[in-house]
Amino acid sequence: MENPQVFLKNSYLRNKKKRTVFFLFLICLTLLFSNADAISIPESDIEDTLIVMTYNIHHGRGTDGKVDIDRIADLLIESKADIVALQEVDIHTERSGKIDIAKILSEKTGLKFTAFGKNLEFEGGEYGNAILSRYPIENEENIHFKNISGEQRGVQAAIIKIYQKSLLFLNTHLDHTGNDDSERVLYAEKIRDEIIPFYDQQVIFLAGDLNDVPGSRTYQIINRRLKDAWFEAGTGEGFTIPVKNPNRRIDYIFYSGNIMPKEAKVIQTGASDHLPLVVKFMFIND
């Protein structure tokens, strides 16, 4: 018969070993599920991070001449954008096959909060700009500029609530008239002097196609009030047009307030006649 003291000692060691294995198993489970959670949560869902995109989608028509909304949607998904400013958006027009581009993109990307700013009626439908957002749009309006060149232009103004933060998001597409910048200058001044001061949000974004380059009067007017995210966080020239051998930067994301751009990039794609600009921002604690 085994010595009682030896038996008790061996029993204690066996139980200790079992307890050690059990605790190690619990630790492994904890690490496994915590890592799974970390992997499954997109970085853009972290409260301090916000990814913004601006994209002139040319009503979904790519450089191959085909209207393909799926490839636009794929770009939005891959970018992990939280808020997207779109220009040249068709709603039920003949040339785009009578589809609602903003609605389709919202459904395909999960950016369920949308706002469409109609600037004109076209081919049996509507044409303008759109905002897609992962976060609630509390209020929005489409402000028309004075029509000078014949094509109605405007700027979307949306109040977006992100957790406890409320921000102003502006989306616009300015006139493309060649050397005469008087219309763009007039609209830029209206944005700076009338539209932005009307709101009391501290965090402000202005995204869109200005149809003018850095150093132009249009750019300088906006840049006196807001910061150019590409200048702060981009690398290289940031050209967005034309798609093949781009040589101009006319698409922008400007900002102000308690935010900081951490990364800015232009995505190479033939899904439109412009290239999309994506900027990752970090909120700065007060």
# chains A, B, ... in the order shown; residues from 1 in each chain; ligands from 1

$ residues_around --residues "A:Gly150" --least-positions-apart "6" --cutoff "12 Å" --atoms "only C-alpha atoms" --output "PyMOL selection string"
chain A and resi 119-120+175-177+183

$ closest_atom_pairs --of "stretch 132-204 of chain A" --to "stretch 218-222 of chain A" --cutoff "7 Å" --atoms "only C-alpha atoms" --output "tab-separated table"
residue	atom	partner	partner_atom	distance
A:Arg184	CA	A:Thr218	CA	6.0
A:Val185	CA	A:Thr218	CA	5.0
A:Ala188	CA	A:Thr218	CA	6.0
A:Glu189	CA	A:Ile221	CA	6.5
A:Arg192	CA	A:Ile222	CA	6.3

$ select_by_dssp --residues "stretch 34-252 of chain A" --states "strand (DSSP E or B)" --output "ChimeraX atom specification"
/A:49-56,61,67,83-91,100,113-122,125-133,137-144,154-162,165-173,203-209,227-228,241,248,251-252

$ residues_around --residues "A:Gly62" --least-positions-apart "2" --cutoff "10 Å" --atoms "only C-alpha atoms" --output "MDAnalysis selection string"
chainID A and resid 57:60 64:69 71:72 243 269:274

$ atom_distance --atom1 "atom CA of A:Gln201" --atom2 "atom CA of A:Ser166"
6.6 Å

$ closest_residue --among "A:Val278, A:Ile259, A:Val266, A:Ile91" --to "A:Gly236" --atoms "only C-alpha atoms"
A:Val266

$ residues_around --residues "A:Ser256" --least-positions-apart "3" --cutoff "12 Å" --atoms "only C-alpha atoms" --output "ChimeraX atom specification"
/A:167-169,196,201-206,222-229,232,253,259-261,281,283-284

$ write_last_selection --atoms "N, CA and C atoms" --output "mmCIF file, in the first residue's frame"
data_model
loop_
_atom_site.group_PDB
_atom_site.id
_atom_site.type_symbol
_atom_site.label_atom_id
_atom_site.label_comp_id
_atom_site.auth_asym_id
_atom_site.auth_seq_id
_atom_site.Cartn_x
_atom_site.Cartn_y
_atom_site.Cartn_z
ATOM 1 N N LEU A 167 -20.133 67.212 -36.512
ATOM 2 C CA LEU A 167 -19.274 67.924 -37.458
ATOM 3 C C LEU A 167 -20.059 68.407 -38.667
ATOM 4 N N LEU A 168 -19.490 69.403 -39.343
ATOM 5 C CA LEU A 168 -20.055 69.938 -40.572
ATOM 6 C C LEU A 168 -19.295 69.340 -41.743
ATOM 7 N N PHE A 169 -20.035 68.724 -42.674
ATOM 8 C CA PHE A 169 -19.408 68.113 -43.840
ATOM 9 C C PHE A 169 -19.981 68.761 -45.096
ATOM 10 N N ILE A 196 -19.909 78.461 -44.274
ATOM 11 C CA ILE A 196 -19.226 77.957 -43.079
ATOM 12 C C ILE A 196 -19.592 78.762 -41.826
ATOM 13 N N GLN A 201 -20.482 74.279 -35.855
ATOM 14 C CA GLN A 201 -19.644 73.101 -35.598
ATOM 15 C C GLN A 201 -18.169 73.498 -35.604
ATOM 16 N N GLN A 202 -17.416 72.906 -34.685
ATOM 17 C CA GLN A 202 -15.995 73.200 -34.600
ATOM 18 C C GLN A 202 -15.181 72.385 -35.600
ATOM 19 N N VAL A 203 -15.634 71.151 -35.856
ATOM 20 C CA VAL A 203 -14.956 70.299 -36.827
ATOM 21 C C VAL A 203 -15.647 70.454 -38.178
ATOM 22 N N ILE A 204 -14.859 70.811 -39.196
ATOM 23 C CA ILE A 204 -15.415 71.105 -40.515
ATOM 24 C C ILE A 204 -14.616 70.373 -41.582
ATOM 25 N N PHE A 205 -15.337 69.784 -42.530
ATOM 26 C CA PHE A 205 -14.714 69.207 -43.719
ATOM 27 C C PHE A 205 -15.321 69.855 -44.956
ATOM 28 N N LEU A 206 -14.475 70.114 -45.936
ATOM 29 C CA LEU A 206 -14.933 70.499 -47.270
ATOM 30 C C LEU A 206 -14.259 69.553 -48.253
ATOM 31 N N ILE A 222 -10.183 79.146 -50.199
ATOM 32 C CA ILE A 222 -10.573 78.076 -49.281
ATOM 33 C C ILE A 222 -9.485 77.813 -48.256
ATOM 34 N N ASN A 223 -8.236 77.825 -48.709
ATOM 35 C CA ASN A 223 -7.107 77.490 -47.848
ATOM 36 C C ASN A 223 -6.842 78.535 -46.763
ATOM 37 N N ARG A 224 -7.379 79.723 -46.927
ATOM 38 C CA ARG A 224 -7.251 80.737 -45.874
ATOM 39 C C ARG A 224 -8.152 80.416 -44.674
ATOM 40 N N ARG A 225 -9.176 79.586 -44.915
ATOM 41 C CA ARG A 225 -10.119 79.235 -43.843
ATOM 42 C C ARG A 225 -9.924 77.800 -43.364
ATOM 43 N N LEU A 226 -9.570 76.893 -44.285
ATOM 44 C CA LEU A 226 -9.432 75.481 -43.969
ATOM 45 C C LEU A 226 -8.059 74.973 -44.405
ATOM 46 N N LYS A 227 -7.618 73.890 -43.800
ATOM 47 C CA LYS A 227 -6.329 73.299 -44.138
ATOM 48 C C LYS A 227 -6.501 72.222 -45.213
ATOM 49 N N ASP A 228 -5.507 72.107 -46.069
ATOM 50 C CA ASP A 228 -5.474 71.115 -47.132
ATOM 51 C C ASP A 228 -4.891 69.822 -46.577
ATOM 52 N N ALA A 229 -5.718 68.757 -46.505
ATOM 53 C CA ALA A 229 -5.278 67.505 -45.898
ATOM 54 C C ALA A 229 -4.107 66.880 -46.651
ATOM 55 N N GLU A 232 -0.873 68.384 -45.650
ATOM 56 C CA GLU A 232 -0.456 68.005 -44.306
ATOM 57 C C GLU A 232 -0.010 66.549 -44.209
ATOM 58 N N ILE A 253 -9.679 67.429 -49.987
ATOM 59 C CA ILE A 253 -10.356 67.341 -48.701
ATOM 60 C C ILE A 253 -9.696 68.381 -47.793
ATOM 61 N N ILE A 259 -8.992 67.850 -35.253
ATOM 62 C CA ILE A 259 -8.690 66.651 -36.029
ATOM 63 C C ILE A 259 -7.333 66.830 -36.692
ATOM 64 N N MET A 260 -6.740 65.703 -37.049
ATOM 65 C CA MET A 260 -5.429 65.742 -37.691
ATOM 66 C C MET A 260 -5.352 64.651 -38.752
ATOM 67 N N PRO A 261 -4.984 65.003 -39.989
ATOM 68 C CA PRO A 261 -4.812 63.957 -41.006
ATOM 69 C C PRO A 261 -3.538 63.167 -40.739
ATOM 70 N N PHE A 281 -8.149 60.476 -40.746
ATOM 71 C CA PHE A 281 -8.034 61.513 -39.727
ATOM 72 C C PHE A 281 -8.068 60.899 -38.332
ATOM 73 N N PHE A 283 -9.117 62.195 -34.402
ATOM 74 C CA PHE A 283 -9.644 63.252 -33.567
ATOM 75 C C PHE A 283 -8.642 63.569 -32.455
ATOM 76 N N ILE A 284 -8.517 64.827 -32.122
ATOM 77 C CA ILE A 284 -7.619 65.274 -31.067
ATOM 78 C C ILE A 284 -8.455 65.590 -29.843
#

$ residues_around --residues "A:Ala130" --least-positions-apart "3" --cutoff "8 Å" --atoms "only C-alpha atoms" --output "JSON, numbers by chain"
{"A": [85, 86, 87, 89, 102, 114, 115, 116, 117, 156, 171]}

$ select_by_dssp --residues "stretch 37-232 of chain A" --states "alpha helix (DSSP H)" --output "PyMOL selection string"
chain A and resi 37-40+69-79+101-109+182-190+196-198+217-223+229-232

$ closest_residue --among "A:Tyr255, A:Gly215, A:Asn142, A:Gly128" --to "A:Asp100" --atoms "only C-alpha atoms"
A:Gly128

$ closest_residue --among "A:Gly125, A:Gly257, A:Pro136, A:Gly154" --to "A:Phe113" --atoms "only C-alpha atoms"
A:Pro136

$ atom_distance --atom1 "atom CA of A:Ile137" --atom2 "atom CA of A:Lys161"
6.5 Å

$ residues_around --residues "A:Leu277" --least-positions-apart "6" --cutoff "6 Å" --atoms "only C-alpha atoms" --output "ChimeraX atom specification"
/A:53-54,265-266

$ write_last_selection --atoms "N, CA and C atoms" --output "mmCIF file, in the first residue's frame"
data_model
loop_
_atom_site.group_PDB
_atom_site.id
_atom_site.type_symbol
_atom_site.label_atom_id
_atom_site.label_comp_id
_atom_site.auth_asym_id
_atom_site.auth_seq_id
_atom_site.Cartn_x
_atom_site.Cartn_y
_atom_site.Cartn_z
ATOM 1 N N MET A 53 -13.400 60.089 -47.889
ATOM 2 C CA MET A 53 -13.070 59.975 -49.313
ATOM 3 C C MET A 53 -13.828 61.035 -50.096
ATOM 4 N N THR A 54 -13.203 61.559 -51.146
ATOM 5 C CA THR A 54 -13.909 62.358 -52.142
ATOM 6 C C THR A 54 -13.640 61.739 -53.500
ATOM 7 N N LYS A 265 -3.971 59.435 -49.469
ATOM 8 C CA LYS A 265 -3.527 58.692 -50.656
ATOM 9 C C LYS A 265 -4.531 58.855 -51.791
ATOM 10 N N VAL A 266 -4.017 58.763 -53.009
ATOM 11 C CA VAL A 266 -4.837 58.743 -54.213
ATOM 12 C C VAL A 266 -4.844 57.311 -54.728
#

$ closest_residue --among "A:Leu275, A:Ile83, A:Leu105, A:Ala264" --to "A:Asp251" --atoms "only C-alpha atoms"
A:Leu275

$ closest_residue --among "A:Pro276, A:Ile51, A:Ile162, A:Asn56" --to "A:Glu138" --atoms "only C-alpha atoms"
A:Ile162

$ decode --residues "stretch 240-271 of chain A" --atoms "N, CA and C atoms" --output "PDB file, in the first residue's frame"
ATOM      1  N   THR A 240      -5.020  63.927 -59.397  1.00  0.00           N
ATOM      2  CA  THR A 240      -6.258  63.143 -59.464  1.00  0.00           C
ATOM      3  C   THR A 240      -6.865  63.093 -60.864  1.00  0.00           C
ATOM      4  N   ILE A 241      -6.262  63.793 -61.813  1.00  0.00           N
ATOM      5  CA  ILE A 241      -6.799  63.805 -63.169  1.00  0.00           C
ATOM      6  C   ILE A 241      -5.686  64.154 -64.142  1.00  0.00           C
ATOM      7  N   PRO A 242      -5.695  63.627 -65.385  1.00  0.00           N
ATOM      8  CA  PRO A 242      -6.530  62.513 -65.854  1.00  0.00           C
ATOM      9  C   PRO A 242      -6.091  61.196 -65.240  1.00  0.00           C
ATOM     10  N   VAL A 243      -6.897  60.168 -65.452  1.00  0.00           N
ATOM     11  CA  VAL A 243      -6.602  58.880 -64.830  1.00  0.00           C
ATOM     12  C   VAL A 243      -5.288  58.302 -65.345  1.00  0.00           C
ATOM     13  N   LYS A 244      -5.074  58.355 -66.634  1.00  0.00           N
ATOM     14  CA  LYS A 244      -3.814  57.895 -67.213  1.00  0.00           C
ATOM     15  C   LYS A 244      -2.829  59.053 -67.237  1.00  0.00           C
ATOM     16  N   ASN A 245      -1.696  58.849 -66.628  1.00  0.00           N
ATOM     17  CA  ASN A 245      -0.667  59.891 -66.514  1.00  0.00           C
ATOM     18  C   ASN A 245      -1.239  61.187 -65.926  1.00  0.00           C
ATOM     19  N   PRO A 246      -1.776  61.132 -64.714  1.00  0.00           N
ATOM     20  CA  PRO A 246      -2.360  62.331 -64.097  1.00  0.00           C
ATOM     21  C   PRO A 246      -1.330  63.443 -63.925  1.00  0.00           C
ATOM     22  N   ASN A 247      -1.778  64.688 -64.124  1.00  0.00           N
ATOM     23  CA  ASN A 247      -0.867  65.823 -64.035  1.00  0.00           C
ATOM     24  C   ASN A 247      -1.453  67.030 -63.314  1.00  0.00           C
ATOM     25  N   ARG A 248      -2.646  66.866 -62.718  1.00  0.00           N
ATOM     26  CA  ARG A 248      -3.268  67.973 -61.997  1.00  0.00           C
ATOM     27  C   ARG A 248      -3.931  67.476 -60.713  1.00  0.00           C
ATOM     28  N   ARG A 249      -3.929  68.318 -59.716  1.00  0.00           N
ATOM     29  CA  ARG A 249      -4.650  68.027 -58.471  1.00  0.00           C
ATOM     30  C   ARG A 249      -5.812  69.005 -58.369  1.00  0.00           C
ATOM     31  N   ILE A 250      -7.028  68.493 -58.569  1.00  0.00           N
ATOM     32  CA  ILE A 250      -8.211  69.364 -58.503  1.00  0.00           C
ATOM     33  C   ILE A 250      -9.261  68.831 -57.526  1.00  0.00           C
ATOM     34  N   ASP A 251      -9.011  67.657 -56.938  1.00  0.00           N
ATOM     35  CA  ASP A 251      -9.927  67.061 -55.955  1.00  0.00           C
ATOM     36  C   ASP A 251      -9.289  67.168 -54.572  1.00  0.00           C
ATOM     37  N   TYR A 252     -10.072  67.640 -53.595  1.00  0.00           N
ATOM     38  CA  TYR A 252      -9.491  68.007 -52.303  1.00  0.00           C
ATOM     39  C   TYR A 252     -10.352  67.555 -51.138  1.00  0.00           C
ATOM     40  N   ILE A 253      -9.679  67.429 -49.987  1.00  0.00           N
ATOM     41  CA  ILE A 253     -10.356  67.341 -48.701  1.00  0.00           C
ATOM     42  C   ILE A 253      -9.696  68.381 -47.793  1.00  0.00           C
ATOM     43  N   PHE A 254     -10.452  69.400 -47.446  1.00  0.00           N
ATOM     44  CA  PHE A 254      -9.998  70.431 -46.515  1.00  0.00           C
ATOM     45  C   PHE A 254     -10.636  70.162 -45.145  1.00  0.00           C
ATOM     46  N   TYR A 255     -10.036  70.711 -44.100  1.00  0.00           N
ATOM     47  CA  TYR A 255     -10.556  70.447 -42.759  1.00  0.00           C
ATOM     48  C   TYR A 255     -10.170  71.561 -41.794  1.00  0.00           C
ATOM     49  N   SER A 256     -10.835  71.584 -40.652  1.00  0.00           N
ATOM     50  CA  SER A 256     -10.437  72.437 -39.520  1.00  0.00           C
ATOM     51  C   SER A 256     -11.030  71.846 -38.251  1.00  0.00           C
ATOM     52  N   GLY A 257     -10.491  72.254 -37.114  1.00  0.00           N
ATOM     53  CA  GLY A 257     -10.996  71.776 -35.832  1.00  0.00           C
ATOM     54  C   GLY A 257     -10.048  70.803 -35.168  1.00  0.00           C
ATOM     55  N   ASN A 258     -10.567  70.069 -34.193  1.00  0.00           N
ATOM     56  CA  ASN A 258      -9.756  69.152 -33.389  1.00  0.00           C
ATOM     57  C   ASN A 258      -9.559  67.808 -34.085  1.00  0.00           C
ATOM     58  N   ILE A 259      -8.992  67.850 -35.253  1.00  0.00           N
ATOM     59  CA  ILE A 259      -8.690  66.651 -36.029  1.00  0.00           C
ATOM     60  C   ILE A 259      -7.333  66.830 -36.692  1.00  0.00           C
ATOM     61  N   MET A 260      -6.740  65.703 -37.049  1.00  0.00           N
ATOM     62  CA  MET A 260      -5.429  65.742 -37.691  1.00  0.00           C
ATOM     63  C   MET A 260      -5.352  64.651 -38.752  1.00  0.00           C
ATOM     64  N   PRO A 261      -4.984  65.003 -39.989  1.00  0.00           N
ATOM     65  CA  PRO A 261      -4.812  63.957 -41.006  1.00  0.00           C
ATOM     66  C   PRO A 261      -3.538  63.167 -40.739  1.00  0.00           C
ATOM     67  N   LYS A 262      -3.664  61.842 -40.751  1.00  0.00           N
ATOM     68  CA  LYS A 262      -2.517  60.980 -40.496  1.00  0.00           C
ATOM     69  C   LYS A 262      -1.984  60.341 -41.771  1.00  0.00           C
ATOM     70  N   GLU A 263      -2.858  60.185 -42.753  1.00  0.00           N
ATOM     71  CA  GLU A 263      -2.450  59.543 -44.003  1.00  0.00           C
ATOM     72  C   GLU A 263      -3.368  60.007 -45.126  1.00  0.00           C
ATOM     73  N   ALA A 264      -2.813  60.309 -46.272  1.00  0.00           N
ATOM     74  CA  ALA A 264      -3.604  60.697 -47.445  1.00  0.00           C
ATOM     75  C   ALA A 264      -3.064  59.961 -48.655  1.00  0.00           C
ATOM     76  N   LYS A 265      -3.971  59.435 -49.469  1.00  0.00           N
ATOM     77  CA  LYS A 265      -3.527  58.692 -50.656  1.00  0.00           C
ATOM     78  C   LYS A 265      -4.531  58.855 -51.791  1.00  0.00           C
ATOM     79  N   VAL A 266      -4.017  58.763 -53.009  1.00  0.00           N
ATOM     80  CA  VAL A 266      -4.837  58.743 -54.213  1.00  0.00           C
ATOM     81  C   VAL A 266      -4.844  57.311 -54.728  1.00  0.00           C
ATOM     82  N   ILE A 267      -6.035  56.786 -54.973  1.00  0.00           N
ATOM     83  CA  ILE A 267      -6.176  55.397 -55.409  1.00  0.00           C
ATOM     84  C   ILE A 267      -6.167  55.324 -56.934  1.00  0.00           C
ATOM     85  N   GLN A 268      -5.358  54.444 -57.455  1.00  0.00           N
ATOM     86  CA  GLN A 268      -5.274  54.260 -58.904  1.00  0.00           C
ATOM     87  C   GLN A 268      -6.407  53.347 -59.379  1.00  0.00           C
ATOM     88  N   THR A 269      -7.246  53.850 -60.267  1.00  0.00           N
ATOM     89  CA  THR A 269      -8.372  53.082 -60.780  1.00  0.00           C
ATOM     90  C   THR A 269      -8.888  53.709 -62.061  1.00  0.00           C
ATOM     91  N   GLY A 270      -9.514  52.890 -62.892  1.00  0.00           N
ATOM     92  CA  GLY A 270     -10.124  53.387 -64.115  1.00  0.00           C
ATOM     93  C   GLY A 270     -11.634  53.406 -64.034  1.00  0.00           C
ATOM     94  N   ALA A 271     -12.171  53.412 -62.809  1.00  0.00           N
ATOM     95  CA  ALA A 271     -13.620  53.356 -62.621  1.00  0.00           C
ATOM     96  C   ALA A 271     -14.320  54.670 -62.953  1.00  0.00           C
TER      97      ALA A 271
END
